[in-house]
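*Asks:* Following this line is start.cif, made up of mmCIF, C-alpha atoms:
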```cif
data_final
#
loop_
_atom_site.label_atom_id
_atom_site.label_comp_id
_atom_site.auth_asym_id
_atom_site.auth_seq_id
_atom_site.Cartn_x
_atom_site.Cartn_y
_atom_site.Cartn_z
CA MET A 249 -148.26 78.89 -63.36
CA ASN A 250 -145.58 76.43 -62.46
CA LEU A 251 -144.53 73.85 -64.92
CA ASP A 252 -144.82 70.39 -63.54
CA PRO A 253 -141.88 68.60 -65.15
CA MET A 254 -143.18 65.08 -64.60
CA PRO A 255 -146.94 65.10 -64.26
CA ALA A 256 -148.03 62.36 -61.91
CA THR A 257 -150.37 59.76 -63.21
CA VAL A 258 -153.67 60.03 -61.42
CA ALA A 259 -155.88 57.02 -61.13
CA PRO A 260 -159.07 57.90 -62.95
CA VAL A 261 -161.07 56.92 -59.89
CA THR A 262 -159.58 59.71 -57.74
CA CYS A 263 -162.05 62.55 -58.16
CA ARG A 264 -165.13 60.43 -57.89
CA ALA A 265 -163.59 58.61 -54.95
CA ASN A 266 -162.78 61.81 -53.07
CA ALA A 267 -166.37 62.85 -52.80
CA ALA A 268 -167.45 59.35 -51.91
CA GLY A 269 -164.79 59.08 -49.23
CA LEU A 270 -165.76 62.32 -47.54
CA VAL A 271 -169.43 61.49 -47.63
CA MET A 272 -168.70 58.08 -46.14
CA ALA A 273 -166.70 59.62 -43.36
CA ARG A 274 -169.27 62.30 -42.61
CA GLN A 275 -171.93 59.66 -42.32
CA ALA A 276 -169.78 57.69 -39.94
CA GLY A 277 -171.24 58.50 -36.54
CA GLY A 278 -171.54 62.22 -37.22
CA ARG A 279 -167.91 62.94 -36.42
CA ARG A 280 -166.92 66.39 -37.56
CA MET A 281 -164.48 66.04 -40.41
CA PRO A 282 -162.06 68.80 -41.32
CA ASP A 283 -163.47 71.51 -43.52
CA ARG A 284 -161.30 71.60 -46.60
CA SER A 285 -162.73 74.74 -48.11
CA GLY A 286 -159.95 76.88 -46.64
CA ILE A 287 -157.07 75.00 -48.20
CA LYS A 288 -154.95 77.39 -50.17
CA ALA A 289 -153.97 76.22 -53.59
CA GLU A 290 -150.37 77.07 -52.88
CA ALA A 291 -148.95 76.26 -56.28
CA GLY A 292 -151.98 77.80 -57.92
CA THR A 293 -152.27 74.74 -60.08
CA GLU A 294 -154.40 71.75 -60.62
CA GLN A 295 -151.61 69.82 -58.89
CA ALA A 296 -152.13 71.70 -55.62
CA THR A 297 -155.86 71.06 -55.60
CA ARG A 298 -155.31 67.44 -56.45
CA ALA A 299 -152.79 66.96 -53.66
CA ALA A 300 -155.10 68.58 -51.12
CA THR A 301 -158.18 66.60 -52.10
CA ASP A 302 -156.23 63.34 -52.34
CA THR A 303 -154.81 63.81 -48.86
CA GLY A 304 -158.17 64.68 -47.33
CA ALA A 305 -159.94 61.77 -48.99
CA GLN A 306 -157.24 59.33 -47.98
CA THR A 307 -157.55 60.31 -44.32
CA ALA A 308 -161.30 59.75 -44.45
CA TRP A 309 -160.86 56.36 -46.14
CA MET A 310 -158.23 55.24 -43.67
CA ILE A 311 -160.36 56.26 -40.68
CA ALA A 312 -163.29 54.34 -42.20
CA VAL A 313 -161.07 51.26 -42.57
CA ARG A 314 -159.80 51.60 -39.01
CA ASP A 315 -163.10 52.27 -37.26
CA ARG A 316 -165.61 50.37 -39.40
CA ARG A 317 -163.51 47.88 -41.36
CA ASP A 318 -164.95 49.58 -44.44
CA ARG A 319 -164.07 47.50 -47.51
CA ALA A 320 -165.18 50.13 -50.02
CA ALA A 321 -162.83 52.65 -48.41
CA PHE A 322 -160.05 50.07 -48.43
CA ALA A 323 -160.66 49.48 -52.13
CA ARG A 324 -160.21 53.23 -52.76
CA LEU A 325 -156.89 53.17 -50.96
CA PHE A 326 -155.91 50.10 -52.96
CA ASP A 327 -156.78 51.83 -56.24
CA PHE A 328 -154.60 54.79 -55.35
CA TYR A 329 -151.60 53.04 -53.77
CA ALA A 330 -151.33 49.60 -55.40
CA PRO A 331 -150.22 50.87 -58.86
CA ARG A 332 -147.65 53.18 -57.23
CA LEU A 333 -146.35 50.52 -54.86
CA LYS A 334 -145.96 48.15 -57.81
CA ALA A 335 -144.03 50.70 -59.86
CA VAL A 336 -141.74 51.47 -56.92
CA ALA A 337 -141.04 47.77 -56.27
CA MET A 338 -140.22 47.20 -59.95
CA ARG A 339 -137.80 50.11 -59.94
CA SER A 340 -135.88 48.30 -57.20
CA GLY A 341 -135.50 45.29 -59.45
CA ALA A 342 -138.56 43.20 -58.62
CA SER A 343 -140.25 41.38 -61.49
CA ALA A 344 -143.88 42.25 -62.17
CA ALA A 345 -145.03 39.14 -60.30
CA GLU A 346 -142.75 39.81 -57.32
CA ALA A 347 -143.88 43.42 -57.25
CA GLU A 348 -147.52 42.32 -57.07
CA ASP A 349 -146.67 40.01 -54.17
CA ILE A 350 -145.17 43.03 -52.41
CA VAL A 351 -148.26 45.12 -53.20
CA GLN A 352 -150.44 42.38 -51.75
CA ASP A 353 -148.35 42.11 -48.55
CA VAL A 354 -148.26 45.87 -48.02
CA MET A 355 -151.97 46.41 -48.64
CA LEU A 356 -152.91 43.51 -46.35
CA SER A 357 -150.66 45.05 -43.66
CA VAL A 358 -152.55 48.31 -44.10
CA TRP A 359 -155.78 46.42 -43.38
CA GLN A 360 -154.33 44.45 -40.45
CA ASN A 361 -152.56 47.35 -38.77
CA ALA A 362 -155.27 49.96 -39.34
CA HIS A 363 -155.84 50.22 -35.57
CA GLN A 364 -152.40 51.84 -35.29
CA PHE A 365 -153.25 54.64 -37.71
CA ASP A 366 -153.51 58.03 -36.00
CA ALA A 367 -154.57 60.80 -38.36
CA ALA A 368 -153.27 63.46 -35.97
CA ARG A 369 -149.73 62.08 -36.06
CA ALA A 370 -149.07 60.78 -39.56
CA PRO A 371 -150.55 61.43 -42.98
CA VAL A 372 -151.85 58.26 -44.67
CA ALA A 373 -149.12 58.41 -47.32
CA GLY A 374 -146.35 58.56 -44.70
CA TRP A 375 -147.92 55.73 -42.73
CA ILE A 376 -148.18 53.48 -45.80
CA TYR A 377 -144.67 54.50 -46.81
CA ARG A 378 -143.35 53.13 -43.50
CA ILE A 379 -145.17 49.83 -44.01
CA ALA A 380 -143.83 49.53 -47.57
CA ARG A 381 -140.26 50.29 -46.50
CA ASN A 382 -140.45 47.70 -43.72
CA ARG A 383 -141.59 45.13 -46.27
CA GLN A 384 -138.65 46.00 -48.51
CA ILE A 385 -136.22 45.73 -45.57
CA ASP A 386 -137.68 42.33 -44.62
CA LEU A 387 -137.02 41.09 -48.15
CA ALA A 388 -133.51 42.49 -48.40
CA ARG A 389 -132.04 41.94 -44.95
CA ARG A 390 -131.52 39.11 -42.54
CA LYS A 391 -132.65 41.19 -39.57
CA ARG A 392 -135.82 43.24 -39.29
CA ARG A 393 -135.54 46.96 -38.80
CA PRO A 394 -135.88 47.83 -35.09
CA GLU A 395 -138.91 50.08 -34.67
CA PRO A 396 -139.38 52.77 -32.03
CA GLU A 397 -141.74 51.79 -29.23
CA GLU A 398 -145.22 53.15 -29.68
CA LEU A 399 -146.28 56.12 -27.59
CA THR A 400 -147.99 54.98 -24.42
CA VAL A 401 -150.95 57.26 -25.10
CA GLU A 402 -153.80 55.56 -26.91
CA VAL A 403 -154.98 56.63 -30.36
CA ASP A 404 -157.42 59.44 -29.68
CA PRO A 405 -160.76 58.24 -31.10
CA SER A 406 -161.93 61.77 -31.86
CA PRO A 407 -158.88 63.94 -32.34
CA ASP A 408 -159.19 67.63 -32.96
CA SER A 409 -160.17 68.07 -36.60
CA ASP A 410 -157.92 71.14 -36.81
CA GLN A 411 -154.95 68.96 -35.94
CA ILE A 412 -155.83 66.52 -38.70
CA LEU A 413 -156.42 69.32 -41.17
CA GLY A 414 -153.11 70.94 -40.25
CA LEU A 415 -151.27 67.71 -40.90
CA GLU A 416 -153.14 67.13 -44.17
CA GLN A 417 -152.24 70.60 -45.38
CA GLU A 418 -148.63 69.97 -44.48
CA ALA A 419 -148.61 66.69 -46.38
CA ALA A 420 -150.28 68.25 -49.42
CA ALA A 421 -147.78 71.13 -49.35
CA LEU A 422 -144.91 68.65 -49.23
CA ARG A 423 -146.32 66.87 -52.24
CA ASN A 424 -146.69 70.14 -54.13
CA ALA A 425 -143.14 71.17 -53.27
CA LEU A 426 -141.99 67.81 -54.59
CA ALA A 427 -143.95 68.21 -57.82
CA ARG A 428 -142.29 71.59 -58.44
CA LEU A 429 -138.74 70.26 -58.24
CA LYS A 430 -136.54 70.19 -61.29
CA PRO A 431 -136.39 66.69 -62.80
CA GLU A 432 -132.87 65.96 -61.55
CA GLN A 433 -133.73 67.05 -58.00
CA ARG A 434 -136.86 65.03 -58.04
CA GLN A 435 -134.99 61.97 -59.25
CA MET A 436 -132.57 62.43 -56.36
CA ILE A 437 -135.42 62.46 -53.83
CA GLU A 438 -137.03 59.47 -55.50
CA ARG A 439 -133.79 57.53 -55.40
CA ALA A 440 -133.30 58.33 -51.71
CA TYR A 441 -136.87 57.64 -50.55
CA LEU A 442 -138.18 55.10 -53.03
CA GLY A 443 -135.04 53.45 -54.35
CA GLU A 444 -132.84 50.74 -52.98
CA LEU A 445 -131.92 50.66 -49.30
CA THR A 446 -128.76 52.69 -49.59
CA HIS A 447 -127.67 56.14 -48.54
CA VAL A 448 -128.21 58.76 -51.24
CA GLU A 449 -126.45 62.07 -50.92
CA ILE A 450 -128.99 64.83 -51.43
CA ARG A 451 -127.18 67.80 -52.84
CA ASP A 452 -128.88 71.16 -52.66
CA THR A 453 -126.97 72.75 -55.50
CA THR A 454 -129.84 74.18 -57.44
CA GLY A 455 -131.34 76.24 -54.67
CA LEU A 456 -134.88 77.05 -53.78
CA PRO A 457 -137.27 74.17 -54.34
CA LEU A 458 -135.25 71.67 -52.32
CA GLY A 459 -134.90 74.34 -49.65
CA THR A 460 -138.68 74.58 -49.60
CA ILE A 461 -138.94 70.88 -48.92
CA LYS A 462 -136.46 71.10 -46.08
CA ALA A 463 -138.38 74.03 -44.62
CA ARG A 464 -141.60 72.04 -44.93
CA ILE A 465 -140.08 69.11 -43.08
CA ARG A 466 -138.93 71.44 -40.33
CA LEU A 467 -142.34 73.08 -40.09
CA GLY A 468 -144.03 69.71 -39.88
CA MET A 469 -141.55 68.67 -37.26
CA ASP A 470 -142.32 71.66 -35.04
CA ARG A 471 -146.02 71.01 -35.32
CA LEU A 472 -145.72 67.32 -34.56
CA ARG A 473 -143.41 67.91 -31.65
CA HIS A 474 -145.80 70.34 -29.98
CA GLU A 475 -148.54 67.82 -30.47
CA LEU A 476 -146.54 65.04 -28.87
CA GLN A 477 -145.69 67.29 -25.93
CA GLY A 478 -149.40 68.04 -25.57
CA LEU A 479 -150.18 64.31 -25.58
CA ARG A 480 -147.63 63.65 -22.85
CA ARG A 481 -149.15 66.36 -20.63
CA LYS A 482 -152.62 64.81 -20.79
CA MET B 1154 -135.90 63.46 -16.91
CA ASN B 1155 -133.27 65.85 -18.16
CA GLU B 1156 -133.79 67.57 -21.44
CA ILE B 1157 -132.31 65.71 -24.41
CA ARG B 1158 -129.79 67.98 -26.14
CA HIS B 1159 -128.01 65.67 -28.57
CA HIS B 1160 -130.14 64.24 -31.35
CA VAL B 1161 -129.99 62.03 -34.44
CA PRO B 1162 -128.36 64.04 -37.28
CA ASP B 1163 -130.65 64.79 -40.24
CA PRO B 1164 -128.98 62.56 -42.84
CA MET B 1165 -129.00 59.65 -40.39
CA MET B 1166 -132.68 60.17 -39.61
CA ARG B 1167 -133.41 60.12 -43.32
CA ASP B 1168 -131.39 56.92 -43.72
CA TYR B 1169 -133.41 55.34 -40.92
CA ALA B 1170 -136.70 56.42 -42.53
CA THR B 1171 -135.69 55.15 -45.97
CA GLY B 1172 -134.28 51.88 -44.61
CA ALA B 1173 -130.67 52.66 -45.53
CA LEU B 1174 -129.34 52.14 -41.98
CA ASP B 1175 -128.04 48.70 -41.07
CA TYR B 1176 -129.18 46.94 -37.90
CA PRO B 1177 -126.59 48.31 -35.41
CA PHE B 1178 -127.30 52.00 -36.13
CA GLY B 1179 -130.98 51.27 -36.72
CA LEU B 1180 -131.27 49.88 -33.19
CA VAL B 1181 -129.65 53.00 -31.71
CA VAL B 1182 -131.85 55.37 -33.73
CA ALA B 1183 -135.04 53.44 -32.87
CA SER B 1184 -134.03 53.50 -29.19
CA HIS B 1185 -133.33 57.25 -29.25
CA VAL B 1186 -136.63 57.97 -31.03
CA SER B 1187 -138.40 55.95 -28.33
CA LEU B 1188 -137.02 58.42 -25.76
CA CYS B 1189 -137.17 61.66 -27.76
CA ASP B 1190 -140.38 63.35 -28.93
CA GLU B 1191 -138.47 65.76 -31.12
CA CYS B 1192 -136.85 62.98 -33.10
CA ARG B 1193 -140.12 61.05 -33.27
CA ALA B 1194 -141.64 64.11 -34.92
CA ARG B 1195 -138.64 64.38 -37.26
CA LEU B 1196 -139.04 60.73 -38.21
CA HIS B 1197 -142.74 61.22 -38.99
CA SER B 1198 -141.81 64.22 -41.13
CA GLN B 1199 -139.25 62.20 -43.07
CA GLU B 1200 -141.87 59.50 -43.61
CA ALA B 1201 -144.35 62.14 -44.74
CA LEU B 1202 -141.88 63.15 -47.45
CA GLY B 1203 -141.42 59.49 -48.41
CA GLY B 1204 -145.20 59.24 -48.57
CA ALA B 1205 -145.41 62.33 -50.78
CA ALA B 1206 -142.83 60.79 -53.12
CA LEU B 1207 -144.92 57.61 -53.22
CA GLU B 1208 -148.05 59.63 -54.07
CA GLU B 1209 -146.18 61.40 -56.85
CA ALA B 1210 -144.65 58.19 -58.23
CA ALA B 1211 -145.72 57.01 -61.65
CA ALA B 1212 -148.29 54.22 -61.47
CA ALA B 1213 -147.85 50.74 -62.99
CA ASP B 1214 -150.70 48.71 -64.47
CA LEU B 1215 -151.90 45.91 -62.23
CA SER B 1216 -152.85 42.46 -63.41
CA SER B 1217 -156.56 42.17 -63.72
CA GLY B 1218 -157.05 39.76 -60.82
CA LEU B 1219 -154.94 41.49 -58.17
CA ARG B 1220 -157.56 43.82 -56.73
CA ALA B 1221 -160.15 41.07 -56.30
CA ALA B 1222 -157.49 38.71 -54.89
CA VAL B 1223 -156.46 41.19 -52.20
CA LEU B 1224 -160.04 42.13 -51.31
CA SER B 1225 -160.96 38.45 -51.00
CA ARG B 1226 -158.12 37.91 -48.56
CA LEU B 1227 -159.15 40.60 -46.08
CA ASP B 1228 -161.16 38.19 -43.93
CA ALA B 1229 -158.45 35.57 -44.02
CA ALA B 1230 -155.73 38.10 -43.21
CA PRO B 1231 -153.81 36.89 -40.18
CA PRO B 1232 -154.33 38.95 -37.04
CA ALA B 1233 -152.04 41.92 -36.52
CA PRO B 1234 -148.68 40.91 -35.06
CA ALA B 1235 -148.18 41.48 -31.35
CA ALA B 1236 -147.41 45.07 -30.40
CA PRO B 1237 -143.68 45.78 -30.13
CA PRO B 1238 -142.38 45.59 -26.56
CA ARG B 1239 -142.68 48.53 -24.21
CA ARG B 1240 -139.74 49.87 -22.27
CA SER B 1241 -138.51 48.00 -19.23
CA GLY B 1242 -136.65 50.06 -16.64
CA ILE B 1243 -133.98 52.07 -18.43
CA TYR B 1244 -134.29 50.02 -21.63
CA PRO B 1245 -136.55 51.38 -24.41
CA GLY B 1246 -138.77 48.96 -26.37
CA PRO B 1247 -136.42 48.22 -29.29
CA LEU B 1248 -133.68 47.27 -26.81
CA VAL B 1249 -136.05 45.07 -24.81
CA GLU B 1250 -136.71 43.31 -28.10
CA ALA B 1251 -132.98 43.02 -28.89
CA LEU B 1252 -132.44 41.55 -25.40
CA LYS B 1253 -135.35 39.16 -26.02
CA GLY B 1254 -137.02 40.43 -22.86
CA ALA B 1255 -134.21 39.18 -20.58
CA PRO B 1256 -131.81 41.34 -18.52
CA PRO B 1257 -128.40 41.98 -20.18
CA ARG B 1258 -125.77 39.25 -19.71
CA TRP B 1259 -122.77 41.38 -18.79
CA LYS B 1260 -119.18 40.33 -19.47
CA SER B 1261 -116.35 42.08 -17.62
CA LEU B 1262 -113.79 44.09 -19.58
CA GLY B 1263 -111.74 44.91 -16.45
CA LEU B 1264 -111.63 48.04 -14.27
CA GLY B 1265 -115.34 47.60 -13.56
CA VAL B 1266 -116.29 48.18 -17.21
CA ARG B 1267 -118.76 45.60 -18.53
CA GLN B 1268 -120.33 44.98 -21.90
CA CYS B 1269 -123.12 42.95 -23.42
CA ILE B 1270 -122.83 42.39 -27.18
CA LEU B 1271 -126.24 42.49 -28.84
CA HIS B 1272 -125.13 41.96 -32.41
CA ALA B 1273 -121.81 41.76 -34.26
CA GLY B 1274 -121.60 41.28 -37.99
CA ALA B 1275 -119.93 42.51 -41.13
CA GLU B 1276 -122.03 45.68 -41.12
CA GLY B 1277 -120.89 46.62 -37.61
CA SER B 1278 -121.71 45.85 -34.02
CA VAL B 1279 -123.95 47.12 -31.24
CA ARG B 1280 -123.54 46.52 -27.54
CA LEU B 1281 -124.43 47.77 -24.10
CA LEU B 1282 -121.64 49.27 -22.01
CA HIS B 1283 -121.66 49.61 -18.22
CA ILE B 1284 -119.08 52.07 -16.88
CA PRO B 1285 -118.68 52.76 -13.14
CA ALA B 1286 -119.15 56.39 -12.06
CA GLY B 1287 -115.99 58.41 -12.60
CA GLN B 1288 -114.35 55.68 -14.71
CA ALA B 1289 -112.71 56.53 -18.04
CA VAL B 1290 -113.01 54.43 -21.17
CA PRO B 1291 -109.52 54.04 -22.75
CA GLU B 1292 -108.69 56.71 -25.29
CA HIS B 1293 -109.81 55.55 -28.70
CA GLY B 1294 -110.44 56.73 -32.20
CA HIS B 1295 -112.76 55.32 -34.84
CA ASN B 1296 -112.31 53.93 -38.28
CA GLY B 1297 -115.93 54.61 -39.00
CA ILE B 1298 -118.74 56.15 -37.00
CA GLU B 1299 -119.55 55.33 -33.39
CA LEU B 1300 -122.98 56.11 -31.95
CA THR B 1301 -123.42 56.22 -28.20
CA LEU B 1302 -126.83 56.60 -26.56
CA VAL B 1303 -126.91 57.18 -22.80
CA LEU B 1304 -129.53 55.09 -20.98
CA GLN B 1305 -128.46 55.74 -17.38
CA GLY B 1306 -126.05 58.14 -15.69
CA SER B 1307 -123.94 60.37 -17.94
CA PHE B 1308 -120.54 60.77 -19.50
CA VAL B 1309 -118.31 63.67 -20.43
CA ASP B 1310 -115.69 63.84 -23.15
CA GLU B 1311 -113.75 66.54 -24.97
CA THR B 1312 -116.86 67.64 -26.82
CA ASP B 1313 -119.63 67.90 -24.20
CA ARG B 1314 -121.66 66.23 -21.44
CA PHE B 1315 -124.11 63.52 -22.42
CA GLY B 1316 -127.06 62.62 -20.19
CA VAL B 1317 -129.92 60.14 -20.45
CA GLY B 1318 -131.37 60.12 -23.97
CA ASP B 1319 -128.45 62.04 -25.48
CA LEU B 1320 -126.84 60.59 -28.59
CA GLU B 1321 -123.19 61.18 -29.40
CA VAL B 1322 -122.03 60.71 -32.98
CA ALA B 1323 -118.25 60.26 -33.12
CA ASP B 1324 -116.46 59.95 -36.45
CA ASN B 1325 -112.92 59.49 -37.79
CA ASP B 1326 -111.79 62.85 -36.53
CA LEU B 1327 -112.63 62.36 -32.88
CA THR B 1328 -110.20 60.57 -30.57
CA HIS B 1329 -111.79 60.84 -27.19
CA VAL B 1330 -111.66 59.69 -23.58
CA PRO B 1331 -115.23 59.44 -22.35
CA VAL B 1332 -115.46 59.59 -18.54
CA ALA B 1333 -118.58 58.41 -16.74
CA GLY B 1334 -120.19 61.12 -14.63
CA PRO B 1335 -120.73 60.92 -10.85
CA GLY B 1336 -123.67 59.07 -9.30
CA ALA B 1337 -125.13 56.01 -10.99
CA PRO B 1338 -122.96 53.89 -13.29
CA CYS B 1339 -123.20 55.04 -16.90
CA ILE B 1340 -125.05 52.54 -19.09
CA CYS B 1341 -124.89 53.23 -22.84
CA LEU B 1342 -125.94 51.63 -26.06
CA ALA B 1343 -122.98 51.89 -28.44
CA ALA B 1344 -122.81 50.95 -32.12
CA THR B 1345 -120.01 51.09 -34.65
CA ASP B 1346 -119.80 50.38 -38.33
CA ALA B 1347 -116.08 49.49 -37.94
CA PRO B 1348 -113.84 48.31 -35.09
CA LEU B 1349 -112.64 50.96 -32.62
CA ARG B 1350 -108.94 51.88 -32.49
CA PHE B 1351 -107.43 52.07 -29.01
CA LYS B 1352 -104.19 53.93 -28.43
CA GLY B 1353 -102.47 51.79 -25.74
CA LEU B 1354 -101.03 48.33 -26.37
CA MET B 1355 -103.11 46.52 -23.76
CA PRO B 1356 -106.46 47.74 -24.97
CA ARG B 1357 -105.45 46.70 -28.48
CA LEU B 1358 -104.88 43.15 -27.26
CA THR B 1359 -108.09 43.07 -25.30
CA GLN B 1360 -109.86 44.54 -28.30
CA ARG B 1361 -109.36 41.26 -30.14
CA LEU B 1362 -110.47 39.23 -27.15
CA PHE B 1363 -113.56 41.25 -26.45
CA ARG B 1364 -114.60 42.26 -29.96
CA ILE B 1365 -114.84 45.96 -29.24
#
```
Could you render the structure from this file as structure tokens?

*Replies:*
Amino acid sequence: MNLDPMPATVAPVTCRANAAGLVMARQAGGRRMPDRSGIKAEAGTEQATRAATDTGAQTAWMIAVRDRRDRAAFARLFDFYAPRLKAVAMRSGASAAEAEDIVQDVMLSVWQNAHQFDAARAPVAGWIYRIARNRQIDLARRKRRPEPEELTVEVDPSPDSDQILGLEQEAAALRNALARLKPEQRQMIERAYLGELTHVEIRDTTGLPLGTIKARIRLGMDRLRHELQGLRRK
Amino acid sequence: MNEIRHHVPDPMMRDYATGALDYPFGLVVASHVSLCDECRARLHSQEALGGAALEEAAAADLSSGLRAAVLSRLDAAPPAPAAPPRRSGIYPGPLVEALKGAPPRWKSLGLGVRQCILHAGAEGSVRLLHIPAGQAVPEHGHNGIELTLVLQGSFVDETDRFGVGDLEVADNDLTHVPVAGPGAPCICLAATDAPLRFKGLMPRLTQRLFRI
């Protein structure tokens, strides 16, 4: 068993919410949702299971928000992300009140921009991460960050559930790889991705775990690229 | 379209994803990603790692009223902002936005070379360059990093050939003479985080006049 150096705080609602989220999504128009029974608990720990179920539930919630403007599903996403978004904002120097303003802006953007969410292209966490970073850039800089144009293909209303599952597994594996890092490596990643808007040198001096993350990113990249090529051929 | 062979380097893609890139480089990266599926996938992967870090972050306690306040504002939430612009001709969406939907207003630099400055500030500058086929850009080095994204035509320098969608990253060590390829004029998006250094006297004088 791997030692998790900094156990993540899990909102107490998570387990209950997972089941509810999946049931909600399954009831939504009978769309086949990914079967999660085959997910390998890669780290062999509670952490791995938690990451996998979190990711799956979040996808279901986000699809429910996008397709049915489901407030209960949105509230689940809020319960998971709002406390984390607040902590991240406060680490960058925001006061508690300012951080809650940021949380409010980001979560309302999630609701407003839900139509842009495509479960086959981005995990929920990565999609919300982009929104949160854009908010931080808006606050810190005079000019907005230029964003890539959207793909001209429309969001597929019923994407292949294997595609979604593949992406979810990838995202859960990334999260597990992150949880297994040594504290100093993990702090480096947190500073680079969640800290202030400055370049952080990521040194790979301590070997394997960081290498695993890089390999994961590359794997995810290959998968996403093939998918995008497939979309363009349609 | 030719295959894109020169991409955004990994650390720069991470800096774009985390918001560490200033506007000039950010505009070039967003433009390249608009043209390049591989880099779009790499960007999504970087954001997936950012998302994983967010999921693993410690949680802070919320004030008691926040959840209800946000939920009560869902109906009143303003409509989603207009979709970002789509590409227009050779210009990808982010550039169309930077040009405010109008065609570039070119200024001559002599010898048929033209430029259109999109932004110049303390953090660097970004501009469009229009170089006639076969024309060389004066030999120059860089104090910082120069990014050049080809939008039309091609250019060749000491390092390689760069076609549409290719991104060249030139740093301190490279003093180069880019030459536009045959055929259509070469149109590039070029950004620097410091002024360029030209070798001849004349270009150095014009450098002040033209802010390149």

*Asks:* Just say which residues the PyMOL selection byres ((chain A and resi 393-396) around 6) picks in this file, as a ChimeraX atom specification.

*Replies:* /A:392,397 /B:1180,1183,1186-1187,1247

*Asks:* Keeping only C-alpha atoms, take the residues you just selected and write them out as a PDB file, in the frame of the given file.

*Replies:*
```
ATOM      1  CA  ARG A 392    -135.820  43.240 -39.290  1.00  0.00           C
ATOM      2  CA  GLU A 397    -141.740  51.790 -29.230  1.00  0.00           C
TER       3      GLU A 397
ATOM      4  CA  LEU B1180    -131.270  49.880 -33.190  1.00  0.00           C
ATOM      5  CA  ALA B1183    -135.040  53.440 -32.870  1.00  0.00           C
ATOM      6  CA  VAL B1186    -136.630  57.970 -31.030  1.00  0.00           C
ATOM      7  CA  SER B1187    -138.400  55.950 -28.330  1.00  0.00           C
ATOM      8  CA  PRO B1247    -136.420  48.220 -29.290  1.00  0.00           C
TER       9      PRO B1247
END
```

*Asks:* Give me, please, the distance in Å between atom CA of B:Leu1281 and atom CA of B:Ala1323, quoted to one decimal.

*Replies:* 16.6 Å

*Asks:* So how far away is atom CA of A:Ala342 from atom CA of B:Ala1229, in Å?

*Replies:*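 Straight-line distance from atom CA of B:Ala1229 to atom CA of A:Ala342 works out to 25.8 Å.
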
*Asks:* Using Å and a single decimal, report how far atom CA of B:Glu1250 sits from atom CA of A:Arg390.

*Replies:*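 Distance reported for this atom pair: 15.9 Å.
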
*Asks:* Please return, as a list in words, all residues of chain B lying within 6 Å of chain A when only C-alpha atoms are considered.

*Replies:*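 Result: Thr1171, Gly1172, Ala1173, Leu1180, Ala1183, Val1186, Ser1187, Glu1191, Ala1194, Arg1195, Ser1198, Glu1200, Ala1201, Gly1203, Gly1204, Ala1205, Glu1209, Ala1210, Ala1211, Ala1212, Ala1213, Ala1233, Gly1246 and Pro1247 of chain B.
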
*Asks:* Pick out the residues sitting within 12 Å of B:Leu1304, and hand them over as a count of residues only; count all atoms listed in the file, and ignore anything fewer than 6 positions along from it in its own chain.

*Replies:* 32

*Asks:* Using the chain letters and numbers from the file, give me the residues hit by the PyMOL selection byres ((chain B and resi 1336) around 9), as number ranges by chain.

*Replies:* B: 1285-1287, 1306-1307, 1334-1335, 1337-1339

*Asks:* Quick one: of B:Val1290, B:Glu1208, B:Gln1268, B:Arg1258, who's nearest to A:Leu325, counting all atoms listed in the file?

*Replies:*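 Checking each candidate against A:Leu325, we get B:Glu1208 as the closest.
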
*Asks:* Of the candidates B:Ala1333, B:Ala1255, B:Leu1302, B:Cys1269, which one gets nearest to B:Val1161 if we count all atoms listed in the file?

*Replies:*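 Nearest to B:Val1161: B:Leu1302.
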
*Asks:* Edge lengths and centre, in Å to one decimal, as JSON: that's what I need for the box along x, y and z that holds all listed atoms of stretch 1257-1262 of chain B plus 6 Å on each side.

*Replies:*
```
{"center_x": -121.1, "center_y": 41.7, "center_z": -18.9, "size_x": 26.6, "size_y": 16.8, "size_z": 14.6}
```

*Asks:* Could you check which of B:Ala1221, B:Leu1252, B:Val1303, B:Ala1347 is closest to B:Ala1275, using all atoms listed in the file?

*Replies:* B:Ala1347

*Asks:* With distances taken over all atoms listed in the file, which of B:Ile1298, B:Ala1236, B:Leu1215, B:Cys1192 is nearest to B:Arg1158?

*Replies:*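 Result for the nearest residue to B:Arg1158: B:Cys1192.
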